[in-house]
Structure formats: structure tokens, C-alpha cells
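Visitor: Input structure: target_33.txt, which contains compact mmCIF, C-alpha atoms.
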```
# COMPACT_ATOMS: atom_id res chain seq x y z
CA ALA A 1 65.91 -129.71 -62.67
CA ARG A 2 67.21 -133.23 -62.97
CA LYS A 3 69.56 -134.26 -60.18
CA GLN A 4 73.15 -134.68 -61.26
CA PRO A 5 74.34 -138.24 -60.58
CA LEU A 6 77.49 -138.72 -58.57
CA SER A 7 80.30 -140.54 -60.30
CA LYS A 8 81.29 -144.09 -59.32
CA LYS A 9 84.53 -142.70 -57.99
CA THR A 10 82.59 -140.43 -55.67
CA LYS A 11 80.37 -143.18 -54.33
CA LYS A 12 83.36 -145.38 -53.53
CA SER A 13 85.18 -142.56 -51.79
CA HIS A 14 82.34 -142.11 -49.29
CA VAL A 15 83.80 -144.97 -47.28
CA HIS A 16 87.01 -143.07 -46.62
CA ASN A 17 87.85 -139.65 -45.24
CA GLU A 18 88.83 -138.22 -48.59
CA VAL A 19 88.20 -135.08 -50.57
CA GLU A 20 84.99 -135.26 -52.59
CA GLU A 21 85.84 -135.31 -56.29
CA ASN A 22 83.24 -135.27 -59.04
CA ASP A 23 82.33 -133.19 -62.05
CA SER A 24 79.14 -131.63 -60.70
CA VAL A 25 78.69 -127.87 -60.78
CA PHE A 26 77.92 -128.04 -57.06
CA VAL A 27 81.29 -129.50 -56.05
CA LYS A 28 83.29 -127.36 -58.48
CA LEU A 29 81.74 -124.04 -57.46
CA LEU A 30 82.11 -124.82 -53.77
CA LYS A 31 85.78 -125.61 -54.26
CA THR A 32 86.54 -122.44 -56.22
CA SER A 33 84.64 -120.39 -53.60
CA GLY A 34 86.49 -121.87 -50.64
CA VAL A 35 84.77 -125.05 -49.38
CA ILE A 36 86.30 -128.50 -49.75
CA LEU A 37 83.79 -131.31 -49.32
CA LYS A 38 85.04 -134.31 -47.35
CA THR A 39 83.69 -137.84 -47.39
CA GLY A 40 83.02 -140.23 -44.53
CA GLU A 41 82.97 -138.64 -41.09
CA SER A 42 85.43 -135.84 -41.79
CA GLN A 43 84.28 -132.24 -41.51
CA ASN A 44 83.91 -130.20 -44.67
CA GLN A 45 86.73 -127.68 -44.85
CA LEU A 46 86.51 -123.92 -45.20
CA THR A 47 89.67 -122.45 -46.75
CA VAL A 48 88.57 -118.80 -46.59
CA ASP A 49 86.58 -116.67 -44.19
CA GLN A 50 82.87 -117.51 -44.07
CA VAL A 51 81.80 -114.11 -45.40
CA VAL A 52 84.39 -114.30 -48.17
CA PHE A 53 83.07 -117.73 -49.20
CA GLN A 54 79.50 -116.44 -49.39
CA LYS A 55 80.52 -113.40 -51.45
CA LYS A 56 82.63 -115.48 -53.83
CA LEU A 57 79.90 -118.05 -54.40
CA PHE A 58 77.23 -115.38 -54.83
CA GLN A 59 79.31 -113.49 -57.40
CA THR A 60 80.23 -116.68 -59.26
CA LEU A 61 76.58 -117.71 -59.52
CA ARG A 62 75.29 -114.23 -60.32
CA LYS A 63 77.86 -113.60 -63.07
CA HIS A 64 77.64 -117.09 -64.55
CA PRO A 65 76.66 -117.09 -68.26
CA SER A 66 73.73 -119.44 -67.57
CA TYR A 67 72.30 -117.50 -64.60
CA PRO A 68 69.62 -118.09 -63.29
CA LYS A 69 69.65 -121.68 -64.62
CA ILE A 70 72.96 -122.24 -62.84
CA ILE A 71 71.07 -121.97 -59.53
CA GLU A 72 68.98 -125.02 -60.49
CA GLU A 73 72.10 -126.95 -61.49
CA PHE A 74 73.86 -126.06 -58.25
CA VAL A 75 70.91 -127.07 -56.06
CA SER A 76 70.40 -130.22 -58.11
CA GLY A 77 74.01 -131.13 -57.38
CA LEU A 78 73.42 -130.51 -53.67
CA GLU A 79 70.33 -132.74 -53.71
CA SER A 80 72.29 -135.57 -55.31
CA TYR A 81 75.16 -135.11 -52.90
CA ILE A 82 73.03 -135.26 -49.74
CA GLU A 83 71.28 -138.45 -50.80
CA ASP A 84 74.16 -140.07 -48.95
CA GLN A 85 73.34 -139.70 -45.24
CA ASP A 86 76.95 -139.18 -44.12
CA SER A 87 77.35 -136.41 -46.66
CA PHE A 88 74.10 -134.80 -45.55
CA ARG A 89 75.15 -134.95 -41.91
CA ASN A 90 78.49 -133.34 -42.76
CA CYS A 91 76.70 -130.51 -44.54
CA LEU A 92 74.63 -129.87 -41.41
CA LEU A 93 77.61 -129.84 -39.04
CA SER A 94 80.13 -127.04 -38.71
CA CYS A 95 82.95 -126.79 -41.22
CA GLU A 96 86.59 -127.10 -40.25
CA ARG A 97 88.37 -123.79 -40.70
CA LEU A 98 91.74 -123.95 -42.41
CA GLN A 99 92.56 -120.24 -42.57
CA ASP A 100 94.51 -118.48 -39.81
CA GLU A 101 92.37 -117.34 -36.90
CA GLU A 102 93.86 -113.86 -37.17
CA ALA A 103 92.71 -113.58 -40.76
CA SER A 104 89.17 -114.50 -39.83
CA ILE A 105 86.62 -111.73 -39.52
CA GLY A 106 84.38 -111.79 -36.45
CA THR A 107 83.50 -114.86 -34.46
CA SER A 108 85.50 -118.06 -34.31
CA TYR A 109 82.24 -120.03 -34.58
CA SER A 110 82.20 -121.99 -37.81
CA LYS A 111 78.87 -122.48 -39.57
CA SER A 112 77.74 -125.55 -41.44
CA LEU A 113 77.77 -125.59 -45.24
CA ILE A 114 73.95 -125.54 -45.31
CA LYS A 115 73.89 -122.54 -42.97
CA LEU A 116 76.39 -120.73 -45.18
CA LEU A 117 74.32 -121.43 -48.29
CA LEU A 118 71.16 -120.23 -46.53
CA GLY A 119 72.94 -116.91 -46.02
CA ILE A 120 73.06 -116.35 -49.80
CA ASP A 121 69.76 -114.77 -50.90
CA ILE A 122 69.65 -116.21 -54.42
CA LEU A 123 70.10 -119.73 -53.01
CA GLN A 124 68.03 -119.54 -49.83
CA PRO A 125 64.52 -120.38 -51.17
CA ALA A 126 65.78 -123.44 -53.06
CA ILE A 127 67.90 -124.64 -50.11
CA ILE A 128 64.92 -124.29 -47.75
CA LYS A 129 62.75 -126.25 -50.19
CA THR A 130 65.38 -129.01 -50.31
CA LEU A 131 65.63 -129.19 -46.51
CA PHE A 132 61.88 -129.53 -46.09
CA GLU A 133 61.80 -132.25 -48.74
CA LYS A 134 64.48 -134.17 -46.82
CA LEU A 135 62.96 -133.73 -43.36
CA PRO A 136 60.14 -136.32 -43.64
CA GLU A 137 62.76 -139.04 -44.19
CA PHE A 138 63.91 -138.60 -40.59
CA LEU A 139 60.75 -137.64 -38.67
CA PHE A 140 59.92 -141.12 -37.44
CA LYS A 141 63.43 -142.56 -37.26
CA ASN A 142 65.33 -143.10 -34.04
CA VAL A 143 68.30 -140.94 -33.15
CA ASN A 144 71.39 -141.73 -35.25
CA SER A 145 74.09 -144.00 -33.88
CA ASP A 146 76.23 -140.88 -33.46
CA GLY A 147 73.56 -139.40 -31.17
CA LEU A 148 72.36 -136.78 -33.65
CA ASN A 149 68.68 -136.03 -34.01
CA MET A 150 68.44 -135.18 -37.71
CA PRO A 151 65.11 -133.28 -37.67
CA ARG A 152 66.38 -131.00 -34.89
CA LEU A 153 69.69 -130.56 -36.68
CA ILE A 154 67.94 -129.64 -39.93
CA ILE A 155 65.62 -127.12 -38.27
CA SER A 156 68.54 -125.58 -36.36
CA GLN A 157 69.98 -124.47 -39.72
CA LEU A 158 67.09 -122.02 -40.04
CA LYS A 159 67.67 -120.30 -36.71
CA TRP A 160 69.05 -116.77 -36.48
CA LEU A 161 69.48 -116.21 -40.22
CA ASP A 162 70.35 -112.60 -41.01
CA ARG A 163 67.53 -112.42 -43.52
CA ILE A 164 64.54 -114.50 -44.59
CA VAL A 165 63.88 -114.07 -48.31
CA ASP A 166 60.33 -115.47 -48.29
CA GLY A 167 58.99 -115.42 -44.74
CA LYS A 168 55.43 -116.31 -45.69
CA ASP A 169 56.51 -119.46 -47.52
CA LEU A 170 58.80 -120.48 -44.65
CA THR A 171 55.98 -119.98 -42.14
CA THR A 172 53.69 -122.19 -44.23
CA LYS A 173 56.34 -124.91 -44.51
CA LEU A 174 57.04 -124.86 -40.76
CA MET A 175 53.37 -125.10 -39.82
CA GLN A 176 52.85 -127.97 -42.27
CA LEU A 177 55.83 -129.73 -40.73
CA ILE A 178 54.48 -129.22 -37.21
CA SER A 179 51.15 -130.74 -38.25
CA ILE A 180 52.73 -134.06 -39.31
CA ALA A 181 55.63 -134.40 -36.85
CA PRO A 182 55.54 -136.67 -33.76
CA LEU A 183 54.60 -134.87 -30.54
CA TYR A 184 58.10 -134.50 -29.08
CA LEU A 185 59.29 -132.85 -32.30
CA GLN A 186 56.15 -130.73 -32.57
CA HIS A 187 57.06 -129.27 -29.19
CA ASP A 188 60.62 -128.52 -30.34
CA PHE A 189 59.55 -127.04 -33.66
CA VAL A 190 56.95 -124.76 -32.05
CA THR A 191 59.42 -123.41 -29.48
CA SER A 192 61.97 -122.81 -32.27
CA LEU A 193 59.66 -120.49 -34.23
CA PRO A 194 60.74 -117.19 -32.59
CA GLU A 195 64.38 -118.06 -33.37
CA ILE A 196 63.57 -118.73 -37.02
CA LEU A 197 60.97 -116.18 -38.08
CA GLY A 198 61.44 -112.42 -38.15
CA ASP A 199 59.08 -109.75 -36.81
CA SER A 200 57.31 -109.48 -40.16
CA GLN A 201 56.12 -113.09 -39.83
CA HIS A 202 54.79 -112.74 -36.28
CA ALA A 203 51.22 -111.98 -37.34
CA ASP A 204 51.03 -114.96 -39.71
CA VAL A 205 52.55 -117.44 -37.30
CA GLY A 206 50.45 -116.06 -34.44
CA LYS A 207 47.27 -116.77 -36.40
CA GLU A 208 48.49 -120.25 -37.35
CA LEU A 209 49.42 -121.07 -33.75
CA SER A 210 46.09 -119.84 -32.41
CA ASP A 211 44.32 -122.15 -34.88
CA LEU A 212 46.57 -125.02 -33.82
CA LEU A 213 45.81 -124.30 -30.18
CA MET A 214 42.12 -124.96 -30.79
CA GLU A 215 42.77 -128.44 -32.12
CA ASN A 216 45.92 -129.59 -30.32
CA THR A 217 45.71 -129.47 -26.53
CA PRO A 218 49.06 -131.25 -25.83
CA LEU A 219 50.83 -128.28 -27.41
CA THR A 220 49.05 -125.65 -25.31
CA VAL A 221 52.07 -124.76 -23.18
CA PRO A 222 54.70 -124.41 -25.95
CA ILE A 223 52.22 -122.50 -28.13
CA LEU A 224 51.37 -120.03 -25.36
CA ASP A 225 55.04 -119.70 -24.51
CA VAL A 226 55.77 -118.70 -28.11
CA LEU A 227 52.73 -116.43 -28.43
CA SER A 228 53.96 -114.54 -25.36
CA SER A 229 57.21 -113.73 -27.15
CA LEU A 230 55.67 -112.56 -30.44
CA ARG A 231 54.44 -109.09 -31.37
CA LEU A 232 50.78 -109.77 -32.03
CA ASP A 233 47.60 -107.86 -32.69
CA PRO A 234 45.73 -107.20 -29.41
CA LYS A 235 42.53 -108.63 -30.92
CA LEU A 236 44.24 -111.95 -31.66
CA LEU A 237 45.74 -112.05 -28.17
CA SER A 238 42.31 -111.40 -26.70
CA GLN A 239 40.78 -114.25 -28.72
CA VAL A 240 43.49 -116.67 -27.63
CA ARG A 241 43.12 -115.53 -24.03
CA GLN A 242 39.39 -116.24 -24.09
CA LEU A 243 40.08 -119.68 -25.50
CA VAL A 244 42.61 -120.41 -22.77
CA MET A 245 40.32 -119.04 -20.05
CA GLY A 246 37.72 -121.56 -21.12
CA LYS A 247 40.20 -124.39 -20.52
CA LEU A 248 41.49 -123.12 -17.20
CA LEU A 249 39.64 -125.55 -14.94
CA SER A 250 40.79 -128.57 -16.92
CA VAL A 251 44.51 -127.79 -17.25
CA LYS A 252 47.22 -129.80 -15.54
CA LEU A 253 48.94 -128.22 -12.58
CA ASP A 254 52.29 -128.40 -14.40
CA ASP A 255 50.89 -126.24 -17.21
CA LEU A 256 49.32 -123.60 -14.99
CA PRO A 257 52.31 -121.20 -14.58
CA VAL A 258 52.82 -120.78 -18.34
CA ILE A 259 49.09 -120.37 -18.97
CA ILE A 260 48.69 -117.73 -16.25
CA LYS A 261 51.78 -115.94 -17.52
CA PHE A 262 50.27 -115.75 -21.00
CA ILE A 263 46.91 -114.48 -19.71
CA LEU A 264 48.56 -111.75 -17.66
CA HIS A 265 50.93 -110.89 -20.51
CA SER A 266 47.99 -110.26 -22.83
CA VAL A 267 46.17 -107.88 -20.48
CA THR A 268 45.65 -104.26 -21.55
CA ALA A 269 44.52 -101.23 -19.56
CA ALA A 270 41.09 -101.45 -21.17
CA ASP A 271 40.37 -105.05 -20.18
CA ALA A 272 42.56 -105.56 -17.10
CA LEU A 273 39.72 -105.39 -14.57
CA GLU A 274 37.53 -107.78 -16.55
CA VAL A 275 40.35 -110.29 -17.14
CA ILE A 276 41.60 -110.31 -13.54
CA SER A 277 38.05 -110.65 -12.26
CA GLU A 278 37.38 -113.62 -14.53
CA LEU A 279 40.77 -115.11 -13.70
CA ARG A 280 40.17 -114.97 -9.95
CA GLU A 281 36.71 -116.41 -10.41
CA LYS A 282 37.88 -119.33 -12.54
CA LEU A 283 41.16 -119.96 -10.80
CA ASP A 284 40.07 -122.47 -8.20
CA LEU A 285 43.33 -123.25 -6.45
CA GLN A 286 41.75 -126.02 -4.43
CA HIS A 287 40.67 -127.65 -7.68
CA CYS A 288 44.18 -127.31 -9.14
CA ILE A 289 46.40 -127.91 -6.15
CA LEU A 290 44.66 -130.16 -3.66
CA PRO A 291 44.09 -133.10 -6.04
CA SER A 292 47.79 -133.10 -6.84
CA ARG A 293 48.78 -133.19 -3.19
CA LEU A 294 46.10 -135.76 -2.41
CA GLN A 295 47.33 -137.93 -5.26
CA ALA A 296 50.90 -137.60 -4.04
CA SER A 297 49.87 -138.50 -0.49
CA GLN A 298 47.92 -141.54 -1.65
CA SER A 299 50.84 -142.60 -3.78
CA LYS A 300 53.14 -142.19 -0.80
CA LEU A 301 50.98 -144.43 1.37
CA LYS A 302 50.63 -146.99 -1.37
CA ASN A 303 54.32 -147.19 -2.16
CA LYS A 304 55.48 -146.81 1.45
CA GLY A 305 58.49 -144.68 1.02
CA GLN A 306 59.25 -145.13 -2.66
CA SER A 307 61.03 -142.04 -3.95
CA SER A 308 58.70 -141.52 -6.93
CA SER A 309 55.85 -140.34 -4.71
CA GLY A 310 58.09 -137.85 -2.99
CA ASN A 311 59.23 -136.56 -6.35
CA GLN A 312 55.62 -136.20 -7.47
CA GLU A 313 54.74 -134.19 -4.39
CA ASN A 314 57.81 -132.00 -4.81
CA SER A 315 56.92 -131.45 -8.44
CA GLY A 316 53.43 -130.32 -7.46
CA GLN A 317 54.83 -127.95 -4.86
CA ASP A 318 57.31 -126.54 -7.39
CA CYS A 319 54.47 -125.79 -9.79
CA VAL A 320 52.50 -124.02 -7.07
CA ILE A 321 55.56 -121.92 -6.22
CA LEU A 322 56.07 -121.07 -9.90
CA PHE A 323 52.41 -120.20 -10.23
CA PHE A 324 52.56 -117.69 -7.38
CA ASP A 325 55.86 -116.30 -8.67
CA VAL A 326 54.20 -115.53 -12.01
CA ILE A 327 51.37 -113.67 -10.30
CA LYS A 328 53.73 -111.88 -7.91
CA SER A 329 55.95 -110.74 -10.78
CA ALA A 330 52.98 -109.47 -12.80
CA VAL A 331 51.50 -107.59 -9.85
CA ARG A 332 54.87 -106.08 -8.96
CA TYR A 333 55.92 -104.91 -12.42
CA GLU A 334 52.62 -104.23 -14.19
CA LYS A 335 50.71 -101.34 -12.67
CA ILE A 336 47.46 -102.12 -14.50
CA ILE A 337 47.50 -105.67 -13.13
CA SER A 338 48.24 -104.65 -9.55
CA GLU A 339 45.47 -102.03 -9.61
CA ALA A 340 42.99 -104.48 -11.10
CA TRP A 341 43.94 -107.17 -8.60
CA ILE A 342 43.29 -104.80 -5.70
CA LYS A 343 39.94 -103.62 -7.09
CA VAL A 344 38.54 -107.10 -7.73
```
Just give me the structure as C-alpha cells.

Guide:
Amino acid sequence: ARKQPLSKKTKKSHVHNEVEENDSVFVKLLKTSGVILKTGESQNQLTVDQVVFQKKLFQTLRKHPSYPKIIEEFVSGLESYIEDQDSFRNCLLSCERLQDEEASIGTSYSKSLIKLLLGIDILQPAIIKTLFEKLPEFLFKNVNSDGLNMPRLIISQLKWLDRIVDGKDLTTKLMQLISIAPLYLQHDFVTSLPEILGDSQHADVGKELSDLLMENTPLTVPILDVLSSLRLDPKLLSQVRQLVMGKLLSVKLDDLPVIIKFILHSVTAADALEVISELREKLDLQHCILPSRLQASQSKLKNKGQSSSGNQENSGQDCVILFFDVIKSAVRYEKIISEAWIKV
């Protein structure tokens, strides 16, 4: 659908904190359903309860004479509206609630307009598509002058939705995004996956992450952290575990606790003895720990009292403590692991 242009009046008003006024279906339907769009840095306003707004907008769209074409018109209006960065930011930030707190149902937390629209099934796929089309504009930009990181803010809209209409498509979009994002955002996006995707998407995202693990070593820790929290097929877990076992001697000390936690998490009664035996064989603590301490000591001598060397040594010691805590916890709470550890 062709994007609906904003009127000249609208574009001028963006400088001020005024009510958005234009003839687009998007603005009109929002207003009749209970959301007043504001320009500049003002919050969009919610005049009714959040659930009431969603029901009103859903019914208005569903009963509209031109349904389902009205959906395209509405989303086209949204796309035109968020071409202005201030307007887009406002749509991603929480709305101001104008109704009495007593009249509000449930939590006092106010969602953003985008989050509210994502909660309407007939709009969700199109809104998600729009968000992922906007995201690349911000991937390689610095943080906004207001301190907001737009990619993180956009992805946060997808967290904890009550329902995902097309989980497979969303999984595909997220993995494509991860593949092109800068490393620091890749890390954030990967760790956000369990908060975005439902149980029915765990198998798909688990397979995608295991493939990514083979080609992207810097993301090993966040990927394993996420895989540990997903409900996955034992065969897939076993494959990933074997892959990780092969890298064990080359991992950084900082990464060791998370990696060991994943390996122990994936153990079953059938393979516990074999896994623990291989783990103890490959886990050369002298290889992992002593170089770190030696490096810290050398750094200490070289810098003669500079605090950075002390911090490095402390960091190494913290990792060692975490590492043993992971093993201790697994042995204490998992009978199959404790029995296997004793037998090896």
C-alpha cells in the first residue's frame, strides 16, 4: 500500500508539543479509539484503559466496510507518521495516561503505542514487518542525544507479548537481524530471544542458534546462555554439547562458567558418565587458570602497582570461583551428575 503523506500542517507542528492533526486513517482511528498523538517530545496520550483501546481499535478495524484493506491503510499511515524520528521515538515510549487510576484495569504500567498495536492480532504481523524495516536505519548509528538506543528500544517492543501470531516468521526476522547487527547488539538480541519467542518457537530458534554457534565464536556465551533456557530436543542439545566440548581448551577463562553450566545442563542419565568423563579429561584447570594468574602477575610487575593489574587478577579469581560454584551446584542438585562425578 502507498504511504499516506502527512499534511504540511502536520509537518510544521512537529516542532511544537501539539496534538497531531491530519486526515490519515491512522490518526483518526487512533483518536476515536482512545490515543491522542502528540508532536515534539511530548508523550502520546491514552484517554481510555489500554485494554479498552485495543478492543475499540480492533472492532473498528474489523467492522470497517473496507476490511481487510483498511489494515493496509492504517499501517501505511503509521509508516508515514514514523518517518519523523521524534514521532517514531514517541511511539516506542510509554503513553501518558489521562484516565483516572481507579478506572484503570490492572497494572499502572503504561505501554507504548507500538506495544499496544502489537497486542492486536490483525495488526501484529504488519507492525512487526514495519519495525524490522525501520531497524536497519539505526543499527550503526550512535546513541541518540536523549540517551536512547533505538535498536534496543525497538526490539524491547517485542518482549513479553501475550501472543505471537506468526512465530516462525518472527524467528526468521530476528535471526536475520542478528546476522547483520554489530557485535554489541548481536549479544543483546540473542539474550532477548527467550523474552520474545514462545515455547512453540524454541525448536526453530534452537536450531538457528546452534548453526550460528558454529560460525560465530564471539557469541558463544550468550548463545549457550539462551540455549540453556530453551526447551530443546535432547539430540540437538547433544550436538551442541559436542561442539562446545571441542572448543573447551581454547575458551577464555571468563567464558568458562557459562560453558560448563551449559554442558552440565544438557546431561541426561544415559550419557552422564560419558560426558563427565570427557569433561574431566578435557578440563585442564592449569591450562585455563594458571596463564591468567601468570599474566596478571606479569602485568603487576610491569605496571608496579597500577590498579588495572589487580583488577585483572581479581577478575580471573572471580571466574575461577564462579566456575567451581557451577560444578558444586550441579553436583549438589543433580543426582546423575554427582553419581557420574564420583564414578569417573

Visitor: For Val205 in chain A, work out the shell of residues within 10 Å, counting all atoms listed in the file and skipping chain neighbours fewer than 6 positions away, then give it as a short mmCIF file (atom, residue, chain, number, x, y, z; two decimals) with C-alpha atoms, in the coordinates of the input.

Guide:
```cif
data_model
loop_
_atom_site.label_atom_id
_atom_site.label_comp_id
_atom_site.auth_asym_id
_atom_site.auth_seq_id
_atom_site.Cartn_x
_atom_site.Cartn_y
_atom_site.Cartn_z
CA LYS A 168 55.43 -116.31 -45.69
CA THR A 171 55.98 -119.98 -42.14
CA THR A 172 53.69 -122.19 -44.23
CA LEU A 174 57.04 -124.86 -40.76
CA MET A 175 53.37 -125.10 -39.82
CA LEU A 193 59.66 -120.49 -34.23
CA PRO A 194 60.74 -117.19 -32.59
CA LEU A 197 60.97 -116.18 -38.08
CA ASP A 211 44.32 -122.15 -34.88
CA VAL A 226 55.77 -118.70 -28.11
CA LEU A 227 52.73 -116.43 -28.43
CA LEU A 230 55.67 -112.56 -30.44
CA LEU A 232 50.78 -109.77 -32.03
#
```

Visitor: In Å, how far is it from CA of Ile276 in chain A to CA of Val326 in chain A?

Guide: 13.7 Å

Visitor: Please indicate the distance in Å from CA of Phe26 in chain A to CA of Ile154 in chain A, rounded to one decimal place.

Guide: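 So the two atoms, CA of Phe26 in chain A and CA of Ile154 in chain A, lie 19.9 Å apart.
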
Visitor: Go through A:Lys252, A:Lys247, A:Lys235, A:Lys141 one by one, measure the shortest atom-to-atom distance of each to Leu279 in chain A using only C-alpha atoms, and give the residue with the smallest value.

Guide: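 Among A:Lys252, A:Lys247, A:Lys235, A:Lys141, it is A:Lys247 that comes nearest to Leu279 in chain A.
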
Visitor: What does the distance between CA of Asp23 in chain A and CA of Val75 in chain A come to in Å, to one decimal place?

Guide: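 Distance reported for this atom pair: 14.3 Å.
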
Visitor: Which residue out of A:Phe138, A:Tyr81, A:Tyr67, A:Tyr184 has the minimum interatomic distance to Glu21 in chain A when all atoms listed in the file are used?

Guide: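 Of A:Phe138, A:Tyr81, A:Tyr67, A:Tyr184, the one nearest Glu21 in chain A, counting all atoms listed in the file, is A:Tyr81.
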
Visitor: For Lys129 in chain A, list every protein, DNA or RNA residue within 10 Å, evaluated using only C-alpha atoms, and leave out those in the same chain fewer than 5 positions away; present the list as a list of chain:residue names.

Guide: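 Surrounding residues, per the criterion: A:Gln124, A:Lys134, A:Asp169, A:Leu170, A:Lys173.
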
Visitor: Please provide as a ChimeraX atom specification all residues within 10 Å of Ser42 in chain A, with the sequence filter that same-chain residues fewer than 3 positions apart are discarded (counting all atoms listed in the file).

Guide: /A:16-19,37-39,45,86-87,90,95-96

Visitor: What's the 8 Å shell around Ile36 in chain A, counting only C-alpha atoms, without same-chain residues fewer than 5 positions away, as a list in words?

Guide: Val19, Glu20, Leu30, Lys31, Asn44, Gln45, Leu46 and Thr47 of chain A

Visitor: With only C-alpha atoms as the atoms that count, which of A:Ile180, A:Leu92, A:Leu61, A:Leu135 lies nearest to Ile122 in chain A?

Guide: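 Counting only C-alpha atoms, the residue closest to Ile122 in chain A is A:Leu61.
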
Visitor: Quick one: of A:Leu273, A:Gln59, A:Ile263, A:Leu78, who's nearest to Gly246 in chain A, counting all atoms listed in the file?

Guide: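 Of all the options, A:Ile263 lies closest to Gly246 in chain A.
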
Visitor: At a cut-off of 8 Å, using all atoms listed in the file, what residues contact range 331-342 of chain A? Leave out same-chain residues fewer than 6 positions from it and give the result as a count of residues only.

Guide: 8

Visitor: Using only C-alpha atoms, which residue out of A:Val35, A:Ala181, A:Leu256, A:Leu131 lies closest to Ser112 in chain A?

Guide: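 Closest candidate: A:Val35.
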
Visitor: Axis-aligned box over every listed atom of range 239-249 of chain A, padded by 6 Å per side: centre and edges in Å to one decimal, as AutoDock Vina command-line options?

Guide:
```
--center_x 40.6 --center_y -119.9 --center_z -21.8 --size_x 17.8 --size_y 23.3 --size_z 25.8
```

Visitor: Using all atoms listed in the file, can you list as a PDB file with C-alpha atoms, in the coordinates of the input the residues within 6 Å of (61.6, -111.9, -43.4)?

Guide:
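Saved the output as part_37.pdb:
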```pdb
ATOM      1  CA  ARG A 163      67.530-112.420 -43.520  1.00  0.00           C
ATOM      2  CA  ILE A 164      64.540-114.500 -44.590  1.00  0.00           C
ATOM      3  CA  VAL A 165      63.880-114.070 -48.310  1.00  0.00           C
ATOM      4  CA  GLY A 167      58.990-115.420 -44.740  1.00  0.00           C
ATOM      5  CA  GLY A 198      61.440-112.420 -38.150  1.00  0.00           C
ATOM      6  CA  SER A 200      57.310-109.480 -40.160  1.00  0.00           C
TER       7      SER A 200
END
```

Visitor: Under the rule that only C-alpha atoms are counted, which of A:His202, A:His187, A:Arg241, A:Lys56 is the nearest residue to Leu219 in chain A?

Guide: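 Closest candidate: A:His187.
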